[in-house]
Amino acid sequence: MEVSILGSGSGGNSTFVNIDGVKILVDAGFSGKKLEEKLNNIGETLTEIKGILITHEHTDHIQGAGIVSRKYNIPIYITKESYLAGSAKLGKISEGNLIFIDTFEFIIKEKIKVQPFDVMHDAERTVGFRIEEISSGKTLGISTDIGYIDTRVRAFFRDVNIMIIESNYDYQMLMDCNYPWDLKDRVKSRNGHLSNNDAARFICDNYSSNLKKVYLAHISKDSNKFSIVSHTITSEMNRRNISIPVEITTQDTVTELYKL
């Protein structure tokens, strides 16, 4: 299993995953040109992508999905609710490349098992994914837009080897920033985004010896700072005597290809 975060934030989100030679994207929230540039940074190309998993219909997650699907004949895996809400942004998708998913697992190219699970966020419907390499049992859990961690989310992240989880805002910075109050309420609501403190607790609560790498995603540029994220996560891990590699992702930087 190989993973790279191509970018994460309010301006675009996409994650590259390679499992037994089957290469997929989770979200495609950049233009097709930008996605190709980002993939080239890790020696990959859109011509090799075999599927795009969509978490929800917000523009920063689907901007390039339709264009890329049409140009490179790539299947899109998406809930019917997200498709209906985002169809205008996606444009026409060929019938063979539009695959509706629900809460049941599905298999890609006999190599990848994907388990979608519903999460709380203010889209028509938002899902996270538990992605498993069938040959080895190695697993990845990803949820980049999520307002609240419930028992279902905990279950799908249990014993994963790689965790990609949102750490969107610092509470005090959110309260002090120039967002209007209705936006502040939206961000910190159960259907909004996850705070640094919430992410720190979740990582530690769900920690097991199987966990080898954590990526922190969707960091706000207005209500968060990398130094605060790092301090919050590290402090909680130190308090619980947990030591694992944690990488903070950015909007513009492609992370190095991590091989598990």
# chains A, B, ... in the order shown; residues from 1 in each chain; ligands from 1
>>> closest_atom_pairs(of="segment 79-141 of chain A", to="segment 63-71 of chain A", cutoff="10 Å", atoms="only C-alpha atoms", output="JSON lines")
{"residue": "A:Gly86", "atom": "CA", "partner": "A:Gln63", "partner_atom": "CA", "distance": 9.7}
{"residue": "A:Ser87", "atom": "CA", "partner": "A:Gly66", "partner_atom": "CA", "distance": 9.0}
{"residue": "A:Ala88", "atom": "CA", "partner": "A:Gly66", "partner_atom": "CA", "distance": 9.8}
{"residue": "A:Lys89", "atom": "CA", "partner": "A:Gln63", "partner_atom": "CA", "distance": 6.8}
{"residue": "A:Leu90", "atom": "CA", "partner": "A:Gly66", "partner_atom": "CA", "distance": 4.4}
{"residue": "A:Gly91", "atom": "CA", "partner": "A:Gly66", "partner_atom": "CA", "distance": 5.9}
{"residue": "A:Lys92", "atom": "CA", "partner": "A:Gly66", "partner_atom": "CA", "distance": 7.2}
{"residue": "A:Ile93", "atom": "CA", "partner": "A:Gly66", "partner_atom": "CA", "distance": 6.5}
{"residue": "A:Ser94", "atom": "CA", "partner": "A:Arg70", "partner_atom": "CA", "distance": 7.6}
{"residue": "A:Asn97", "atom": "CA", "partner": "A:Ser69", "partner_atom": "CA", "distance": 7.4}
{"residue": "A:Leu98", "atom": "CA", "partner": "A:Ser69", "partner_atom": "CA", "distance": 9.2}
>>> write_last_selection(atoms="all heavy atoms", output="compact mmCIF listing (two decimals), in the first residue's frame")
# COMPACT_ATOMS: atom_id res chain seq x y z
N GLY A 86 -24.47 17.22 -6.72
CA GLY A 86 -23.29 17.76 -7.37
C GLY A 86 -23.21 17.50 -8.86
O GLY A 86 -22.17 17.75 -9.48
N SER A 87 -24.30 17.04 -9.47
CA SER A 87 -24.26 16.63 -10.88
C SER A 87 -23.91 17.79 -11.80
O SER A 87 -23.23 17.60 -12.82
CB SER A 87 -25.59 16.01 -11.29
OG SER A 87 -26.66 16.93 -11.10
N ALA A 88 -24.35 19.00 -11.46
CA ALA A 88 -24.04 20.15 -12.32
C ALA A 88 -22.53 20.43 -12.34
O ALA A 88 -21.97 20.83 -13.36
CB ALA A 88 -24.80 21.38 -11.84
N LYS A 89 -21.87 20.21 -11.21
CA LYS A 89 -20.41 20.42 -11.14
C LYS A 89 -19.66 19.29 -11.83
O LYS A 89 -18.60 19.52 -12.43
CB LYS A 89 -19.97 20.50 -9.68
CG LYS A 89 -20.63 21.60 -8.87
CD LYS A 89 -20.29 21.47 -7.39
CE LYS A 89 -21.12 22.39 -6.54
NZ LYS A 89 -20.89 22.16 -5.09
N LEU A 90 -20.21 18.09 -11.75
CA LEU A 90 -19.54 16.94 -12.36
C LEU A 90 -19.69 16.92 -13.88
O LEU A 90 -18.80 16.47 -14.59
CB LEU A 90 -20.10 15.64 -11.78
CG LEU A 90 -19.71 15.30 -10.36
CD1 LEU A 90 -20.57 14.15 -9.83
CD2 LEU A 90 -18.23 14.93 -10.27
N GLY A 91 -20.84 17.39 -14.36
CA GLY A 91 -21.11 17.28 -15.79
C GLY A 91 -21.53 15.87 -16.15
O GLY A 91 -21.74 15.02 -15.29
N LYS A 92 -21.63 15.60 -17.44
CA LYS A 92 -22.10 14.29 -17.89
C LYS A 92 -21.04 13.23 -17.65
O LYS A 92 -19.89 13.37 -18.07
CB LYS A 92 -22.46 14.34 -19.37
CG LYS A 92 -23.03 13.03 -19.90
CD LYS A 92 -23.51 13.18 -21.32
CE LYS A 92 -24.02 11.86 -21.88
NZ LYS A 92 -25.11 11.28 -21.05
N ILE A 93 -21.44 12.17 -16.97
CA ILE A 93 -20.57 11.01 -16.72
C ILE A 93 -21.16 9.82 -17.46
O ILE A 93 -22.37 9.55 -17.36
CB ILE A 93 -20.46 10.69 -15.21
CG1 ILE A 93 -20.05 11.93 -14.41
CG2 ILE A 93 -19.47 9.54 -14.99
CD1 ILE A 93 -18.71 12.50 -14.75
N SER A 94 -20.35 9.10 -18.20
CA SER A 94 -20.88 7.95 -18.94
C SER A 94 -21.46 6.93 -17.98
O SER A 94 -20.99 6.78 -16.86
CB SER A 94 -19.78 7.31 -19.79
OG SER A 94 -18.80 6.70 -18.97
N ASN A 97 -19.22 4.59 -16.16
CA ASN A 97 -18.26 5.16 -15.21
C ASN A 97 -18.91 5.81 -14.00
O ASN A 97 -18.21 6.40 -13.18
CB ASN A 97 -17.37 6.19 -15.91
CG ASN A 97 -16.27 5.54 -16.72
OD1 ASN A 97 -15.87 4.41 -16.45
ND2 ASN A 97 -15.77 6.24 -17.73
N LEU A 98 -20.23 5.72 -13.89
CA LEU A 98 -20.94 6.26 -12.74
C LEU A 98 -21.41 5.10 -11.87
O LEU A 98 -22.35 4.38 -12.23
CB LEU A 98 -22.12 7.12 -13.20
CG LEU A 98 -22.92 7.82 -12.11
CD1 LEU A 98 -22.05 8.78 -11.30
CD2 LEU A 98 -24.10 8.57 -12.72
>>> closest_atom_pairs(of="segment 75-103 of chain A", to="segment 54-60 of chain A", cutoff="8 Å", atoms="only C-alpha atoms", output="CSV")
residue,atom,partner,partner_atom,distance
A:Ile76,CA,A:Ile54,CA,7.2
A:Tyr77,CA,A:Ile54,CA,6.1
A:Ile78,CA,A:Ile54,CA,5.2
A:Thr79,CA,A:His56,CA,7.9
A:Ser82,CA,A:Glu57,CA,5.1
A:Tyr83,CA,A:Glu57,CA,6.9
A:Ala85,CA,A:Glu57,CA,6.5
A:Gly86,CA,A:Glu57,CA,5.0
A:Lys89,CA,A:Thr59,CA,7.4
>>> write_last_selection(atoms="all heavy atoms", output="PDB file, in the first residue's frame")
ATOM      1  N   ILE A  76     -16.209   6.734 -11.451  1.00  0.00           N
ATOM      2  CA  ILE A  76     -16.434   7.539 -10.247  1.00  0.00           C
ATOM      3  C   ILE A  76     -17.354   6.754  -9.319  1.00  0.00           C
ATOM      4  O   ILE A  76     -18.433   6.321  -9.720  1.00  0.00           O
ATOM      5  CB  ILE A  76     -17.068   8.900 -10.592  1.00  0.00           C
ATOM      6  CG1 ILE A  76     -16.081   9.762 -11.369  1.00  0.00           C
ATOM      7  CG2 ILE A  76     -17.531   9.620  -9.331  1.00  0.00           C
ATOM      8  CD1 ILE A  76     -16.661  11.093 -11.827  1.00  0.00           C
ATOM      9  N   TYR A  77     -16.920   6.580  -8.073  1.00  0.00           N
ATOM     10  CA  TYR A  77     -17.710   5.908  -7.045  1.00  0.00           C
ATOM     11  C   TYR A  77     -18.264   6.986  -6.122  1.00  0.00           C
ATOM     12  O   TYR A  77     -17.506   7.701  -5.456  1.00  0.00           O
ATOM     13  CB  TYR A  77     -16.845   4.929  -6.260  1.00  0.00           C
ATOM     14  CG  TYR A  77     -16.263   3.802  -7.085  1.00  0.00           C
ATOM     15  CD1 TYR A  77     -15.123   4.007  -7.879  1.00  0.00           C
ATOM     16  CD2 TYR A  77     -16.845   2.539  -7.101  1.00  0.00           C
ATOM     17  CE1 TYR A  77     -14.582   2.977  -8.645  1.00  0.00           C
ATOM     18  CE2 TYR A  77     -16.313   1.502  -7.863  1.00  0.00           C
ATOM     19  CZ  TYR A  77     -15.182   1.728  -8.629  1.00  0.00           C
ATOM     20  OH  TYR A  77     -14.656   0.702  -9.397  1.00  0.00           O
ATOM     21  N   ILE A  78     -19.591   7.111  -6.061  1.00  0.00           N
ATOM     22  CA  ILE A  78     -20.216   8.218  -5.356  1.00  0.00           C
ATOM     23  C   ILE A  78     -21.598   7.799  -4.860  1.00  0.00           C
ATOM     24  O   ILE A  78     -22.253   6.948  -5.483  1.00  0.00           O
ATOM     25  CB  ILE A  78     -20.326   9.443  -6.313  1.00  0.00           C
ATOM     26  CG1 ILE A  78     -20.798  10.705  -5.586  1.00  0.00           C
ATOM     27  CG2 ILE A  78     -21.207   9.137  -7.510  1.00  0.00           C
ATOM     28  CD1 ILE A  78     -20.707  11.967  -6.445  1.00  0.00           C
ATOM     29  N   THR A  79     -22.051   8.360  -3.743  1.00  0.00           N
ATOM     30  CA  THR A  79     -23.414   8.071  -3.296  1.00  0.00           C
ATOM     31  C   THR A  79     -24.401   8.761  -4.237  1.00  0.00           C
ATOM     32  O   THR A  79     -24.085   9.788  -4.855  1.00  0.00           O
ATOM     33  CB  THR A  79     -23.671   8.560  -1.860  1.00  0.00           C
ATOM     34  OG1 THR A  79     -23.644   9.994  -1.829  1.00  0.00           O
ATOM     35  CG2 THR A  79     -22.640   7.998  -0.885  1.00  0.00           C
ATOM     36  N   SER A  82     -25.026  12.395  -3.152  1.00  0.00           N
ATOM     37  CA  SER A  82     -23.971  13.341  -3.525  1.00  0.00           C
ATOM     38  C   SER A  82     -23.980  13.614  -5.027  1.00  0.00           C
ATOM     39  O   SER A  82     -23.746  14.746  -5.466  1.00  0.00           O
ATOM     40  CB  SER A  82     -22.593  12.811  -3.110  1.00  0.00           C
ATOM     41  OG  SER A  82     -22.428  12.869  -1.713  1.00  0.00           O
ATOM     42  N   TYR A  83     -24.270  12.591  -5.817  1.00  0.00           N
ATOM     43  CA  TYR A  83     -24.319  12.794  -7.259  1.00  0.00           C
ATOM     44  C   TYR A  83     -25.438  13.752  -7.644  1.00  0.00           C
ATOM     45  O   TYR A  83     -25.226  14.684  -8.435  1.00  0.00           O
ATOM     46  CB  TYR A  83     -24.506  11.464  -7.986  1.00  0.00           C
ATOM     47  CG  TYR A  83     -24.721  11.671  -9.475  1.00  0.00           C
ATOM     48  CD1 TYR A  83     -23.668  12.070 -10.294  1.00  0.00           C
ATOM     49  CD2 TYR A  83     -25.985  11.504 -10.039  1.00  0.00           C
ATOM     50  CE1 TYR A  83     -23.870  12.294 -11.643  1.00  0.00           C
ATOM     51  CE2 TYR A  83     -26.196  11.726 -11.389  1.00  0.00           C
ATOM     52  CZ  TYR A  83     -25.132  12.126 -12.187  1.00  0.00           C
ATOM     53  OH  TYR A  83     -25.347  12.363 -13.518  1.00  0.00           O
ATOM     54  N   ALA A  85     -26.812  16.017  -5.862  1.00  0.00           N
ATOM     55  CA  ALA A  85     -26.511  17.362  -5.375  1.00  0.00           C
ATOM     56  C   ALA A  85     -25.373  18.012  -6.155  1.00  0.00           C
ATOM     57  O   ALA A  85     -25.320  19.244  -6.265  1.00  0.00           O
ATOM     58  CB  ALA A  85     -26.163  17.316  -3.889  1.00  0.00           C
ATOM     59  N   GLY A  86     -24.470  17.217  -6.717  1.00  0.00           N
ATOM     60  CA  GLY A  86     -23.291  17.764  -7.370  1.00  0.00           C
ATOM     61  C   GLY A  86     -23.213  17.504  -8.861  1.00  0.00           C
ATOM     62  O   GLY A  86     -22.172  17.754  -9.478  1.00  0.00           O
ATOM     63  N   LYS A  89     -21.870  20.207 -11.206  1.00  0.00           N
ATOM     64  CA  LYS A  89     -20.414  20.416 -11.136  1.00  0.00           C
ATOM     65  C   LYS A  89     -19.660  19.292 -11.831  1.00  0.00           C
ATOM     66  O   LYS A  89     -18.602  19.516 -12.429  1.00  0.00           O
ATOM     67  CB  LYS A  89     -19.971  20.498  -9.677  1.00  0.00           C
ATOM     68  CG  LYS A  89     -20.633  21.603  -8.869  1.00  0.00           C
ATOM     69  CD  LYS A  89     -20.290  21.468  -7.394  1.00  0.00           C
ATOM     70  CE  LYS A  89     -21.116  22.394  -6.536  1.00  0.00           C
ATOM     71  NZ  LYS A  89     -20.890  22.163  -5.085  1.00  0.00           N
TER      72      LYS A  89
END
>>> residues_around(residues="Ser135 of chain A", least_positions_apart="5", cutoff="12 Å", atoms="only C-alpha atoms", output="MDAnalysis selection string")
chainID A and resid 1 19:21 110:113
>>> write_last_selection(atoms="N, CA and C atoms", output="mmCIF file, in the first residue's frame")
data_model
loop_
_atom_site.group_PDB
_atom_site.id
_atom_site.type_symbol
_atom_site.label_atom_id
_atom_site.label_comp_id
_atom_site.auth_asym_id
_atom_site.auth_seq_id
_atom_site.Cartn_x
_atom_site.Cartn_y
_atom_site.Cartn_z
ATOM 1 N N MET A 1 0.843 -1.197 0.000
ATOM 2 C CA MET A 1 0.000 0.000 0.000
ATOM 3 C C MET A 1 0.876 1.245 0.000
ATOM 4 N N ILE A 19 -2.692 0.276 -4.397
ATOM 5 C CA ILE A 19 -2.814 -1.020 -3.736
ATOM 6 C C ILE A 19 -2.610 -2.128 -4.756
ATOM 7 N N ASP A 20 -1.526 -2.853 -4.591
ATOM 8 C CA ASP A 20 -1.205 -3.964 -5.500
ATOM 9 C C ASP A 20 -1.251 -3.529 -6.955
ATOM 10 N N GLY A 21 -0.792 -2.317 -7.245
ATOM 11 C CA GLY A 21 -0.757 -1.827 -8.613
ATOM 12 C C GLY A 21 -2.041 -1.208 -9.106
ATOM 13 N N GLU A 110 -10.483 -6.537 -7.960
ATOM 14 C CA GLU A 110 -10.158 -7.735 -7.176
ATOM 15 C C GLU A 110 -8.991 -7.530 -6.219
ATOM 16 N N LYS A 111 -8.563 -6.289 -6.036
ATOM 17 C CA LYS A 111 -7.411 -6.005 -5.180
ATOM 18 C C LYS A 111 -7.762 -5.158 -3.958
ATOM 19 N N ILE A 112 -8.816 -4.342 -4.094
ATOM 20 C CA ILE A 112 -9.125 -3.351 -3.060
ATOM 21 C C ILE A 112 -10.542 -3.561 -2.535
ATOM 22 N N LYS A 113 -10.663 -3.658 -1.230
ATOM 23 C CA LYS A 113 -11.982 -3.679 -0.601
ATOM 24 C C LYS A 113 -12.247 -2.303 0.014
#
>>> residues_around(residues="Arg154 of chain A", least_positions_apart="4", cutoff="10 Å", atoms="only C-alpha atoms", output="PyMOL selection string")
chain A and resi 149-150+158-159+202-203+205-206
>>> closest_residue(among="A:Gly29, A:Lys213, A:Glu37, A:Leu46", to="Leu260 of chain A", atoms="only C-alpha atoms")
A:Lys213
>>> select_by_dssp(residues="segment 46-144 of chain A", states="strand (DSSP E)", output="ChimeraX atom specification")
/A:49-53,76-79,98-101,106-108,112-119,126-133,139-143
>>> write_last_selection(atoms="N, CA, C and O atoms", output="compact mmCIF listing (two decimals), in the first residue's frame")
# COMPACT_ATOMS: atom_id res chain seq x y z
N ILE A 49 -4.86 5.92 -13.18
CA ILE A 49 -5.89 5.91 -12.13
C ILE A 49 -7.07 5.04 -12.56
O ILE A 49 -7.62 5.19 -13.66
N LYS A 50 -7.48 4.12 -11.68
CA LYS A 50 -8.54 3.15 -12.00
C LYS A 50 -9.87 3.47 -11.33
O LYS A 50 -10.86 2.76 -11.57
N GLY A 51 -9.92 4.51 -10.52
CA GLY A 51 -11.18 4.86 -9.88
C GLY A 51 -11.01 6.10 -9.03
O GLY A 51 -9.93 6.41 -8.54
N ILE A 52 -12.12 6.86 -8.89
CA ILE A 52 -12.15 8.04 -8.02
C ILE A 52 -13.27 7.84 -7.01
O ILE A 52 -14.44 7.72 -7.40
N LEU A 53 -12.91 7.78 -5.73
CA LEU A 53 -13.91 7.67 -4.66
C LEU A 53 -14.25 9.08 -4.20
O LEU A 53 -13.36 9.86 -3.86
N ILE A 76 -16.21 6.73 -11.45
CA ILE A 76 -16.43 7.54 -10.25
C ILE A 76 -17.35 6.75 -9.32
O ILE A 76 -18.43 6.32 -9.72
N TYR A 77 -16.92 6.58 -8.07
CA TYR A 77 -17.71 5.91 -7.04
C TYR A 77 -18.26 6.99 -6.12
O TYR A 77 -17.51 7.70 -5.46
N ILE A 78 -19.59 7.11 -6.06
CA ILE A 78 -20.22 8.22 -5.36
C ILE A 78 -21.60 7.80 -4.86
O ILE A 78 -22.25 6.95 -5.48
N THR A 79 -22.05 8.36 -3.74
CA THR A 79 -23.41 8.07 -3.30
C THR A 79 -24.40 8.76 -4.24
O THR A 79 -24.08 9.79 -4.85
N LEU A 98 -20.23 5.72 -13.89
CA LEU A 98 -20.94 6.26 -12.74
C LEU A 98 -21.41 5.10 -11.87
O LEU A 98 -22.35 4.38 -12.23
N ILE A 99 -20.75 4.91 -10.75
CA ILE A 99 -21.04 3.77 -9.88
C ILE A 99 -21.54 4.29 -8.54
O ILE A 99 -20.81 4.93 -7.79
N PHE A 100 -22.83 4.02 -8.26
CA PHE A 100 -23.41 4.48 -7.01
C PHE A 100 -23.05 3.54 -5.87
O PHE A 100 -23.09 2.31 -6.02
N ILE A 101 -22.67 4.12 -4.75
CA ILE A 101 -22.30 3.34 -3.59
C ILE A 101 -23.23 3.65 -2.44
O ILE A 101 -23.88 4.69 -2.40
N PHE A 106 -17.51 -2.72 -1.35
CA PHE A 106 -17.38 -3.09 -2.76
C PHE A 106 -15.91 -3.33 -3.06
O PHE A 106 -15.02 -2.92 -2.31
N ILE A 107 -15.66 -4.00 -4.18
CA ILE A 107 -14.32 -4.41 -4.56
C ILE A 107 -13.92 -3.71 -5.85
O ILE A 107 -14.72 -3.57 -6.77
N ILE A 108 -12.66 -3.25 -5.91
CA ILE A 108 -12.11 -2.63 -7.12
C ILE A 108 -11.00 -3.52 -7.66
O ILE A 108 -10.01 -3.78 -6.96
N ILE A 112 -8.82 -4.34 -4.09
CA ILE A 112 -9.13 -3.35 -3.06
C ILE A 112 -10.54 -3.56 -2.54
O ILE A 112 -11.50 -3.63 -3.32
N LYS A 113 -10.66 -3.66 -1.23
CA LYS A 113 -11.98 -3.68 -0.60
C LYS A 113 -12.25 -2.30 0.01
O LYS A 113 -11.43 -1.80 0.78
N VAL A 114 -13.38 -1.71 -0.33
CA VAL A 114 -13.73 -0.38 0.15
C VAL A 114 -15.02 -0.47 0.97
O VAL A 114 -16.02 -1.03 0.51
N GLN A 115 -14.97 0.08 2.17
CA GLN A 115 -16.14 0.15 3.03
C GLN A 115 -16.48 1.63 3.28
O GLN A 115 -15.79 2.31 4.03
N PRO A 116 -17.54 2.15 2.64
CA PRO A 116 -17.96 3.52 2.92
C PRO A 116 -18.74 3.57 4.23
O PRO A 116 -19.42 2.61 4.60
N PHE A 117 -18.64 4.71 4.93
CA PHE A 117 -19.44 4.88 6.15
C PHE A 117 -19.85 6.34 6.26
O PHE A 117 -19.10 7.25 5.92
N ASP A 118 -21.07 6.55 6.70
CA ASP A 118 -21.61 7.91 6.81
C ASP A 118 -20.96 8.67 7.95
O ASP A 118 -20.72 8.12 9.03
N VAL A 119 -20.68 9.95 7.68
CA VAL A 119 -20.14 10.84 8.71
C VAL A 119 -20.99 12.11 8.74
O VAL A 119 -21.70 12.43 7.79
N THR A 126 -22.31 12.77 3.29
CA THR A 126 -20.85 12.68 3.34
C THR A 126 -20.46 11.30 3.86
O THR A 126 -21.05 10.81 4.83
N VAL A 127 -19.47 10.69 3.22
CA VAL A 127 -18.97 9.40 3.67
C VAL A 127 -17.47 9.46 3.88
O VAL A 127 -16.77 10.29 3.29
N GLY A 128 -16.99 8.61 4.75
CA GLY A 128 -15.57 8.31 4.85
C GLY A 128 -15.35 6.94 4.24
O GLY A 128 -16.30 6.26 3.84
N PHE A 129 -14.10 6.52 4.16
CA PHE A 129 -13.80 5.22 3.57
C PHE A 129 -12.79 4.45 4.42
O PHE A 129 -11.80 5.03 4.90
N ARG A 130 -13.04 3.18 4.57
CA ARG A 130 -12.04 2.23 5.07
C ARG A 130 -11.60 1.41 3.87
O ARG A 130 -12.44 0.74 3.23
N ILE A 131 -10.33 1.50 3.51
CA ILE A 131 -9.81 0.90 2.29
C ILE A 131 -8.81 -0.19 2.67
O ILE A 131 -7.87 0.06 3.43
N GLU A 132 -9.03 -1.39 2.15
CA GLU A 132 -8.20 -2.53 2.55
C GLU A 132 -7.51 -3.16 1.35
O GLU A 132 -8.12 -3.37 0.29
N GLU A 133 -6.24 -3.46 1.51
CA GLU A 133 -5.50 -4.25 0.54
C GLU A 133 -5.84 -5.72 0.79
O GLU A 133 -5.44 -6.29 1.80
N THR A 139 -4.78 -1.67 6.02
CA THR A 139 -5.96 -0.83 5.93
C THR A 139 -5.64 0.65 6.11
O THR A 139 -4.72 1.03 6.83
N LEU A 140 -6.47 1.44 5.45
CA LEU A 140 -6.41 2.89 5.52
C LEU A 140 -7.80 3.40 5.87
O LEU A 140 -8.80 2.96 5.30
N GLY A 141 -7.87 4.35 6.82
CA GLY A 141 -9.13 5.01 7.14
C GLY A 141 -9.01 6.48 6.80
O GLY A 141 -8.02 7.12 7.14
N ILE A 142 -10.03 7.04 6.11
CA ILE A 142 -9.96 8.44 5.71
C ILE A 142 -11.30 9.14 5.91
O ILE A 142 -12.35 8.64 5.51
N SER A 143 -11.22 10.32 6.55
CA SER A 143 -12.37 11.20 6.68
C SER A 143 -11.84 12.63 6.83
O SER A 143 -11.33 12.99 7.89
>>> closest_residue(among="A:Val22, A:Ala123, A:Cys204, A:Leu257", to="Ser235 of chain A", atoms="only C-alpha atoms")
A:Cys204
>>> atom_distance(atom1="atom CA of Leu6 of chain A", atom2="atom CA of Asn168 of chain A")
17.1 Å
>>> select_by_dssp(residues="segment 171-230 of chain A", states="helix (DSSP H, G or I)", output="CSV table (one decimal) with N, CA and C atoms, in the first residue's frame")
chain,number,residue,atom,x,y,z
A,171,TYR,N,-10.1,26.1,18.5
A,171,TYR,CA,-11.4,26.8,19.0
A,171,TYR,C,-11.2,28.3,19.3
A,172,GLN,N,-10.1,28.7,19.9
A,172,GLN,CA,-9.9,30.1,20.3
A,172,GLN,C,-9.6,30.9,19.0
A,173,MET,N,-8.9,30.4,18.1
A,173,MET,CA,-8.6,31.1,16.8
A,173,MET,C,-9.9,31.2,16.0
A,174,LEU,N,-10.8,30.2,16.1
A,174,LEU,CA,-12.1,30.3,15.4
A,174,LEU,C,-12.9,31.4,16.0
A,175,MET,N,-12.9,31.5,17.3
A,175,MET,CA,-13.7,32.5,17.9
A,175,MET,C,-13.2,33.9,17.7
A,176,ASP,N,-11.9,34.0,17.5
A,176,ASP,CA,-11.2,35.3,17.3
A,176,ASP,C,-11.1,35.8,15.8
A,181,TRP,N,-20.6,35.2,12.6
A,181,TRP,CA,-21.0,34.2,13.7
A,181,TRP,C,-21.7,33.0,13.1
A,182,ASP,N,-22.5,33.2,12.1
A,182,ASP,CA,-23.2,32.0,11.6
A,182,ASP,C,-22.2,31.0,11.0
A,183,LEU,N,-21.1,31.4,10.4
A,183,LEU,CA,-20.1,30.5,9.9
A,183,LEU,C,-19.3,29.9,11.0
A,184,LYS,N,-19.0,30.6,12.1
A,184,LYS,CA,-18.4,30.1,13.2
A,184,LYS,C,-19.2,28.9,13.8
A,185,ASP,N,-20.5,29.2,13.9
A,185,ASP,CA,-21.4,28.2,14.5
A,185,ASP,C,-21.4,27.0,13.6
A,186,ARG,N,-21.4,27.2,12.3
A,186,ARG,CA,-21.4,26.0,11.3
A,186,ARG,C,-20.2,25.2,11.5
A,187,VAL,N,-19.0,25.9,11.5
A,187,VAL,CA,-17.8,25.2,11.6
A,187,VAL,C,-17.7,24.3,12.9
A,188,LYS,N,-18.1,24.8,14.0
A,188,LYS,CA,-17.9,24.1,15.3
A,188,LYS,C,-19.1,23.2,15.6
A,196,ASN,N,-8.8,20.7,16.5
A,196,ASN,CA,-7.6,20.0,16.9
A,196,ASN,C,-7.7,19.1,18.1
A,197,ASN,N,-8.4,19.6,19.1
A,197,ASN,CA,-8.6,18.8,20.3
A,197,ASN,C,-9.4,17.6,20.1
A,198,ASP,N,-10.4,17.7,19.3
A,198,ASP,CA,-11.2,16.5,18.9
A,198,ASP,C,-10.4,15.5,18.2
A,199,ALA,N,-9.6,16.0,17.2
A,199,ALA,CA,-8.7,15.1,16.4
A,199,ALA,C,-7.7,14.4,17.3
A,200,ALA,N,-7.1,15.1,18.2
A,200,ALA,CA,-6.1,14.6,19.1
A,200,ALA,C,-6.7,13.5,20.0
A,201,ARG,N,-7.9,13.7,20.5
A,201,ARG,CA,-8.6,12.7,21.4
A,201,ARG,C,-8.9,11.5,20.5
A,202,PHE,N,-9.4,11.7,19.3
A,202,PHE,CA,-9.8,10.5,18.5
A,202,PHE,C,-8.6,9.7,18.1
A,203,ILE,N,-7.5,10.3,17.7
A,203,ILE,CA,-6.3,9.6,17.4
A,203,ILE,C,-5.9,8.7,18.6
A,204,CYS,N,-5.8,9.3,19.7
A,204,CYS,CA,-5.4,8.5,20.9
A,204,CYS,C,-6.4,7.5,21.4
A,205,ASP,N,-7.7,7.8,21.3
A,205,ASP,CA,-8.7,6.9,21.7
A,205,ASP,C,-8.7,5.6,20.8
A,226,PHE,N,-0.3,25.6,11.9
A,226,PHE,CA,0.4,24.3,12.0
A,226,PHE,C,1.1,24.1,13.3
A,227,SER,N,1.6,25.2,13.9
A,227,SER,CA,2.3,25.1,15.2
A,227,SER,C,1.3,24.7,16.3
A,228,ILE,N,0.0,25.3,16.2
A,228,ILE,CA,-1.0,24.9,17.2
A,228,ILE,C,-1.5,23.5,17.0
A,229,VAL,N,-1.6,23.1,15.7
A,229,VAL,CA,-2.0,21.7,15.4
A,229,VAL,C,-1.0,20.8,16.0
A,230,SER,N,0.3,21.0,15.7
A,230,SER,CA,1.3,20.1,16.2
A,230,SER,C,1.4,20.1,17.7
>>> closest_residue(among="A:Ile74, A:Ile219, A:Met163, A:Val214", to="Pro245 of chain A", atoms="only C-alpha atoms")
A:Val214
>>> closest_residue(among="A:Lys225, A:Lys109, A:Lys23, A:Lys259", to="Ser195 of chain A", atoms="only C-alpha atoms")
A:Lys225
>>> closest_residue(among="A:Ser8, A:Ser209, A:Asn191, A:Thr151", to="Ile242 of chain A", atoms="only C-alpha atoms")
A:Ser209
>>> atom_distance(atom1="atom CA of Lys34 of chain A", atom2="atom CA of Gln251 of chain A")
12.0 Å
>>> decode(residues="segment 43-47 of chain A", atoms="N, CA, C and O atoms", output="short mmCIF file (atom, residue, chain, number, x, y, z; two decimals), in the first residue's frame")
data_model
loop_
_atom_site.label_atom_id
_atom_site.label_comp_id
_atom_site.auth_asym_id
_atom_site.auth_seq_id
_atom_site.Cartn_x
_atom_site.Cartn_y
_atom_site.Cartn_z
N GLY A 43 5.70 10.87 -9.32
CA GLY A 43 5.98 9.93 -10.40
C GLY A 43 4.77 9.18 -10.91
O GLY A 43 4.91 8.08 -11.48
N GLU A 44 3.58 9.75 -10.73
CA GLU A 44 2.36 9.09 -11.17
C GLU A 44 1.66 9.95 -12.22
O GLU A 44 2.03 11.10 -12.47
N THR A 45 0.62 9.37 -12.85
CA THR A 45 -0.12 10.07 -13.89
C THR A 45 -1.58 9.67 -13.86
O THR A 45 -1.92 8.56 -13.40
N LEU A 46 -2.44 10.53 -14.36
CA LEU A 46 -3.88 10.23 -14.37
C LEU A 46 -4.22 9.04 -15.26
O LEU A 46 -5.24 8.38 -15.04
N THR A 47 -3.39 8.75 -16.23
CA THR A 47 -3.68 7.62 -17.12
C THR A 47 -3.67 6.29 -16.37
O THR A 47 -4.24 5.30 -16.86
#
